[in-house]
Amino acid sequence: MSERSKTIEVEDLRLSYAGREVLHGISFDVFRHEILAVIGPAQSGKSSLLRCLNRTIDFVADAAVSGSVRIEGEDVRKVRDVFALRRRIGMVSPLPVGLPLSIYDNVAFAPRSAGMKNRAELDALVERCLRLAALWDEVKDRLTSLGTALSGGQQQRLTIARALSHQPEVLCLDEFSIAIDPVTTMRIEDVLKELRNDITIVLVTNLVQQARRLADRTMFLWKGEIVELDRTEVMFSDRPAERRTFEYVRGIFG
Amino acid sequence: MTSPPPTARFARTPLVATRERHERVAKWVFFAMSVSLIVPLVAIVAYLLIRAAPSLSWEFLLDLPRKGMREGGIWPAFVGTLYLVGMSLAVATPIGVLAAIYLHEYARDNWLNRLIHLAVINLAGVPSIVHALFGLGAFVYAARFGYSILSASLTLAIMTLPVIIASTREALASVPKEFREACWNVGASRWQTIRRVVLPNSISGILTGVILQVSRAAGETAPIMFTGAVFFKAVTRGDLFPYGLDDQCMALSMHLYTVSTQVPNVKESIPYATAVVLLGSVLMVNAAAIALRVWLRNRKRW
């Protein structure tokens, strides 16, 4: 894994909410077609980091960002068309939010927003995304029923299907498995491993074992600073560079 | 051997008895309060209907007032109220709803937005007589609309506008923020989000706010008295379009005031019948609104 092309380059990223800094100038790269896991305790800035990537941080009134985030070389903070930017990044939030639309419309929402009208194309896309999210078999007979009426775990997979529906280059998952049972989690993890061939994945997770199973590299974020970022084997080995990493992944830390 | 025998575990202790008594008392108090809400409503309606009975008929609705208001019907006032309410809401609803959407969905939370919010809330609390004076100065004199339906409707519109803005904001705020974020995350613009997700889920609340203003606009006397409502205006019996925009008109609320206090020797049942028509038309609009909301709610799916 020597010189690989970088999909995301973050440089000296600082973020503060109403003057309280939560990311203290972090820098890291995400390589193309890798899974990067971000681990760290609550309040360490993991979710905030994701919001900086697709600029949904703009919607937080008192947030101030500095530094640069580049996706495929393009500085996201200077992007004119943020909506196009967000379509390039799939985002799965920790709590599943099915939109109050039918299952079909939930998945077709993004492509329709982007202007896709052809029914056959939409049908194919919706089916493909639902299959990828391991949900198709459960809902194929009731695509017109309400997305919000699905169970929590199904809604979470629906959000994954939705995140894939705009065919992103980068997929960010924020604690995607907290509402899903272990079996489904495993199925989705398999899907992610396959997706890696096509897209770049940033996986924020509290489950260090999930990072270990999936990630090529793992980043340990703590109180808004990167403690260590290395190949997953190293992070979970007996001697990562930082003692704190060693302790955290074994559950001794803090 | 400290654990109690199995039968005693569910025994009725004094604590349980007290709790049950509190529960019963609380339930009855709340029930009594709810029932006491219905009593005045039923009493008012019943009283009005009984007193109005001698005059109530289609004839009363369709006929003109006769013999200096002492007999006849209320058609000009009824149509006048329809005009005033319809026009004021036709002006206030689009402005109010669109302004509220801007304020709630687009505007950033800065001092200007907070100032506007404050202004809206305070405007909603301004007494109607003050709106009346404003309407007189602004529309009748400054804008040279004269004493007319136009001036009166615009005055009513100004009066209802802040309340429509406030209630629309409430309705928009009831749509969870997560829905919006989910839309933004997939690259939908603000307008697409509003159009596809926010509005369909708040439309019933928005409508409720607007409809409540129907009764308010229909009931107000002061603003229209200053700006365009008159004591008497002769129109054709049963004519649905008797007024032009620059005409003065009669209105039910004003008519009720007139026949109750200004005209001697009015047939006793006429004021009550007028009140019944006013109340009845407002209730009918409310019923239509409820039907519309039920229909919209059935389409709404969350």
# chains A, B, ... in the order shown; residues from 1 in each chain; ligands from 1

$ residues_around --residues "region 34-37 of chain A" --least-positions-apart "3" --cutoff "8 Å" --atoms "only C-alpha atoms" --output "NGL selection string"
:A and (30-31 or 196 or 199-205 or 211 or 214-219)

$ write_last_selection --atoms "C-alpha atoms" --output "PDB file, in the first residue's frame"
ATOM      1  CA  VAL A  30      -8.613   8.550   2.617  1.00  0.00           C
ATOM      2  CA  PHE A  31      -7.364   6.416  -0.263  1.00  0.00           C
ATOM      3  CA  ARG A 196     -15.197  -1.235  -1.659  1.00  0.00           C
ATOM      4  CA  ILE A 199     -16.437   3.330  -3.873  1.00  0.00           C
ATOM      5  CA  THR A 200     -14.532   4.704  -0.928  1.00  0.00           C
ATOM      6  CA  ILE A 201     -16.020   4.116   2.483  1.00  0.00           C
ATOM      7  CA  VAL A 202     -15.637   6.053   5.700  1.00  0.00           C
ATOM      8  CA  LEU A 203     -17.043   4.074   8.587  1.00  0.00           C
ATOM      9  CA  VAL A 204     -17.600   5.740  11.923  1.00  0.00           C
ATOM     10  CA  THR A 205     -18.184   3.118  14.546  1.00  0.00           C
ATOM     11  CA  ALA A 211     -13.560  -1.653  12.480  1.00  0.00           C
ATOM     12  CA  LEU A 214     -13.948  -4.286   7.870  1.00  0.00           C
ATOM     13  CA  ALA A 215     -11.429  -1.523   7.742  1.00  0.00           C
ATOM     14  CA  ASP A 216      -8.241  -1.343   5.708  1.00  0.00           C
ATOM     15  CA  ARG A 217      -7.057   1.425   7.912  1.00  0.00           C
ATOM     16  CA  THR A 218      -8.353   2.694  11.221  1.00  0.00           C
ATOM     17  CA  MET A 219      -8.222   6.139  12.722  1.00  0.00           C
TER      18      MET A 219
END

$ interface_residues --of "chain A" --to "chain B" --cutoff "8 Å" --atoms "only C-alpha atoms" --output "list of chain:residue names"
A:Asn54, A:Thr56, A:Ala61, A:Val82, A:Phe83, A:Ala84, A:Leu85, A:Arg86, A:Arg87, A:Ile89, A:Gly90, A:Met91, A:Val97, A:Gly98, A:Leu99, A:Pro100, A:Leu101, A:Ala110, A:Ser113, A:Ala114, A:Leu146, A:Thr148, A:Ala149, A:Arg162, A:Ala163, A:His166

$ write_last_selection --atoms "C-alpha atoms" --output "tab-separated table (two decimals), in the first residue's frame"
chain	number	residue	atom	x	y	z
A	54	ASN	CA	-20.66	16.80	2.81
A	56	THR	CA	-24.29	19.52	6.09
A	61	ALA	CA	-26.14	27.86	12.74
A	82	VAL	CA	-23.30	21.88	-2.68
A	83	PHE	CA	-26.22	19.74	-3.79
A	84	ALA	CA	-24.07	18.10	-6.45
A	85	LEU	CA	-21.36	17.67	-3.84
A	86	ARG	CA	-23.74	15.92	-1.47
A	87	ARG	CA	-24.82	13.59	-4.22
A	89	ILE	CA	-21.23	11.46	-0.90
A	90	GLY	CA	-23.63	8.93	0.54
A	91	MET	CA	-24.43	9.54	4.17
A	97	VAL	CA	-34.87	8.13	9.35
A	98	GLY	CA	-37.30	6.79	6.81
A	99	LEU	CA	-38.82	9.72	5.01
A	100	PRO	CA	-42.62	9.83	5.26
A	101	LEU	CA	-42.88	8.54	1.71
A	110	ALA	CA	-32.41	11.43	-4.53
A	113	SER	CA	-34.17	15.35	-7.07
A	114	ALA	CA	-31.25	15.07	-9.43
A	146	LEU	CA	-44.78	3.59	3.98
A	148	THR	CA	-41.66	4.98	8.14
A	149	ALA	CA	-43.76	1.92	8.94
A	162	ARG	CA	-31.09	5.76	-0.06
A	163	ALA	CA	-27.49	6.73	0.47
A	166	HIS	CA	-27.45	8.75	-5.89

$ residues_around --residues "Leu164 (chain A)" --least-positions-apart "3" --cutoff "7 Å" --atoms "only C-alpha atoms" --output "list in words"
Gly90, Cys129, Ile160, Ala161, Gln167 and Pro168 of chain A

$ closest_residue --among "B:Ile194, B:Ala26, B:Leu103, B:Ala157" --to "Val214 (chain B)" --atoms "only C-alpha atoms"
B:Ala157

$ residues_around --residues "Asp105 (chain A)" --least-positions-apart "6" --cutoff "9 Å" --atoms "only C-alpha atoms" --output "ChimeraX atom specification"
/A:99,112,126,143-144,147

$ decode --residues "region 136-159 of chain A" --atoms "N, CA and C atoms" --output "compact mmCIF listing (two decimals), in the first residue's frame"
# COMPACT_ATOMS: atom_id res chain seq x y z
N TRP A 136 -34.20 -5.87 -0.19
CA TRP A 136 -35.10 -6.12 -1.32
C TRP A 136 -36.07 -7.26 -1.04
N ASP A 137 -35.55 -8.40 -0.55
CA ASP A 137 -36.41 -9.57 -0.39
C ASP A 137 -37.54 -9.31 0.61
N GLU A 138 -37.27 -8.45 1.58
CA GLU A 138 -38.29 -8.20 2.60
C GLU A 138 -39.35 -7.23 2.14
N VAL A 139 -39.02 -6.36 1.20
CA VAL A 139 -39.98 -5.30 0.86
C VAL A 139 -40.46 -5.32 -0.59
N LYS A 140 -39.97 -6.28 -1.38
CA LYS A 140 -40.26 -6.18 -2.82
C LYS A 140 -41.75 -6.22 -3.13
N ASP A 141 -42.54 -6.84 -2.23
CA ASP A 141 -43.97 -6.94 -2.50
C ASP A 141 -44.76 -5.75 -1.97
N ARG A 142 -44.10 -4.86 -1.27
CA ARG A 142 -44.84 -3.71 -0.70
C ARG A 142 -44.05 -2.42 -0.84
N LEU A 143 -43.59 -2.21 -2.04
CA LEU A 143 -42.78 -1.01 -2.29
C LEU A 143 -43.59 0.27 -2.13
N THR A 144 -44.92 0.16 -2.24
CA THR A 144 -45.73 1.37 -2.14
C THR A 144 -46.14 1.66 -0.71
N SER A 145 -45.82 0.76 0.24
CA SER A 145 -46.20 1.06 1.61
C SER A 145 -45.18 2.00 2.23
N LEU A 146 -45.54 2.50 3.38
CA LEU A 146 -44.78 3.59 3.98
C LEU A 146 -43.39 3.21 4.47
N GLY A 147 -42.40 3.99 4.13
CA GLY A 147 -41.04 3.74 4.61
C GLY A 147 -40.95 3.85 6.12
N THR A 148 -41.73 4.77 6.69
CA THR A 148 -41.66 4.98 8.14
C THR A 148 -42.33 3.86 8.92
N ALA A 149 -43.08 3.00 8.23
CA ALA A 149 -43.76 1.92 8.94
C ALA A 149 -42.87 0.69 9.09
N LEU A 150 -41.69 0.71 8.47
CA LEU A 150 -40.78 -0.42 8.60
C LEU A 150 -40.20 -0.47 10.01
N SER A 151 -39.67 -1.61 10.38
CA SER A 151 -39.03 -1.71 11.69
C SER A 151 -37.73 -0.91 11.68
N GLY A 152 -37.20 -0.67 12.86
CA GLY A 152 -35.99 0.14 12.96
C GLY A 152 -34.85 -0.37 12.10
N GLY A 153 -34.62 -1.69 12.18
CA GLY A 153 -33.52 -2.25 11.40
C GLY A 153 -33.77 -2.14 9.90
N GLN A 154 -35.02 -2.33 9.51
CA GLN A 154 -35.35 -2.20 8.09
C GLN A 154 -35.20 -0.76 7.62
N GLN A 155 -35.61 0.17 8.50
CA GLN A 155 -35.47 1.58 8.12
C GLN A 155 -34.00 1.94 7.96
N GLN A 156 -33.16 1.36 8.82
CA GLN A 156 -31.74 1.67 8.70
C GLN A 156 -31.21 1.17 7.36
N ARG A 157 -31.65 -0.02 6.94
CA ARG A 157 -31.20 -0.51 5.65
C ARG A 157 -31.80 0.34 4.53
N LEU A 158 -33.00 0.86 4.79
CA LEU A 158 -33.59 1.77 3.80
C LEU A 158 -32.73 3.02 3.63
N THR A 159 -32.19 3.51 4.75
CA THR A 159 -31.34 4.71 4.63
C THR A 159 -30.05 4.37 3.90
